[in-house]
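Enquirer: Got a structure for you, questions after.
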Amino acid sequence: RAAEWLFRACDLYGKTNLGINYLSLGDQYFYGDSAVPKDYKKAYECYLKASLLYTDYMKSDALKKLGEMYSNGYGVDKEEAIAEKLLENALSEEEKAQSEDQYYHRNRFLNDDYEGKHLRYGVSMGPDGNYYDEYGDYVPDDCAYDED
């Protein structure tokens with residue numbers, strides 16, 4: 001029942017304040033546990049939504065999980081061609097995220113305004129120039145840094 005409410009929360013907000021998002025909910029359904037029964041169809045739905053809604057590493061991880069499902073026939077027909085395409089797209093997303101991270105870190109240290117400051121753990125700059133935490137939630141500029 002709790003997983004059902006989390007799924008509804010993800011539908012409304014894309015992610016919840018608890019850090020539960022389609023990717024982590026998909027993992028719960030994929031692996032199953034005492035609170036959430038294993039359900040590949042629901043896992044597939046979660047990973048698919050994550051691949052459409054999220055960017056960077058979360059999108060890459062969702063695409064990898066979808067590729068694994070198609071590669072092994074978990075909840076879907078086994079389709080190697082689809083699995084390979086999904087994994088190619090996942091690697092492309094990962095490379096794009098890494099290049100954006102490198103661009104950000106290179107430019108961050110060239111800017112004197114950031115001297116003496118370090119980004120808080122789990123906070124990174126998105127492609128739009130805003131800061132986000134590890135769950136994709138927006139972080140205001142004045143909250144993104146720890147002072148030395």
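Here, A, B, ... name the chains of the structure tokens in the order displayed, residue numbers run from 1 inside each chain, and ligands are numbered from 1 in the same displayed order.
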Contacts of segment 20-32 of chain A at 6 Å or less, counting only C-alpha atoms, minus same-chain residues fewer than 3 places along, as a ChimeraX atom specification?

Expert: /A:15-16,36-40,43,46-47,50

Enquirer: Grab the residues selected above and save them as a compact mmCIF listing (two decimals), in the first residue's frame with C-alpha atoms.

Expert:
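Below you can see part05.txt, which holds the result:
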# COMPACT_ATOMS: atom_id res chain seq x y z
CA LYS A 15 9.89 12.86 -7.04
CA THR A 16 9.07 13.27 -3.38
CA VAL A 36 7.17 -4.04 -1.90
CA PRO A 37 6.55 -7.28 -3.81
CA LYS A 38 8.62 -7.96 -6.93
CA ASP A 39 6.69 -6.69 -9.94
CA TYR A 40 8.56 -6.33 -13.23
CA ALA A 43 9.36 -1.64 -12.37
CA CYS A 46 8.83 3.38 -13.23
CA TYR A 47 12.05 3.08 -15.24
CA ALA A 50 12.36 8.02 -15.10

Enquirer: Taking 6 positions as the minimum chain separation for residues in the same chain, which residues sit within 8 Å of segment 85-94 of chain A when counting only C-alpha atoms? Answer as JSON, numbers by chain.

Expert: {"A": [55, 56, 57, 59, 60, 61, 62, 63, 64, 66, 67]}

Enquirer: Could you write those residues out with C-alpha atoms, as a CSV table (one decimal), in the first residue's frame?

Expert:
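Below is the file result_8.csv, written as the result:
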chain,number,residue,atom,x,y,z
A,55,THR,CA,18.3,13.9,-17.1
A,56,ASP,CA,22.0,13.1,-16.6
A,57,TYR,CA,22.9,10.1,-14.5
A,59,LYS,CA,18.2,9.1,-17.0
A,60,SER,CA,21.3,6.9,-17.8
A,61,ASP,CA,20.6,4.6,-14.9
A,62,ALA,CA,16.9,4.2,-15.9
A,63,LEU,CA,17.9,3.4,-19.5
A,64,LYS,CA,20.4,0.8,-18.3
A,66,LEU,CA,15.3,-0.9,-19.2
A,67,GLY,CA,18.1,-2.4,-21.3

Enquirer: Can you work out the spacing between atom CA of Ala144 of chain A and atom CA of Gly122 of chain A in Å, to one decimal?

Expert: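 Going from atom CA of Ala144 of chain A over to atom CA of Gly122 of chain A, I get 9.6 Å.
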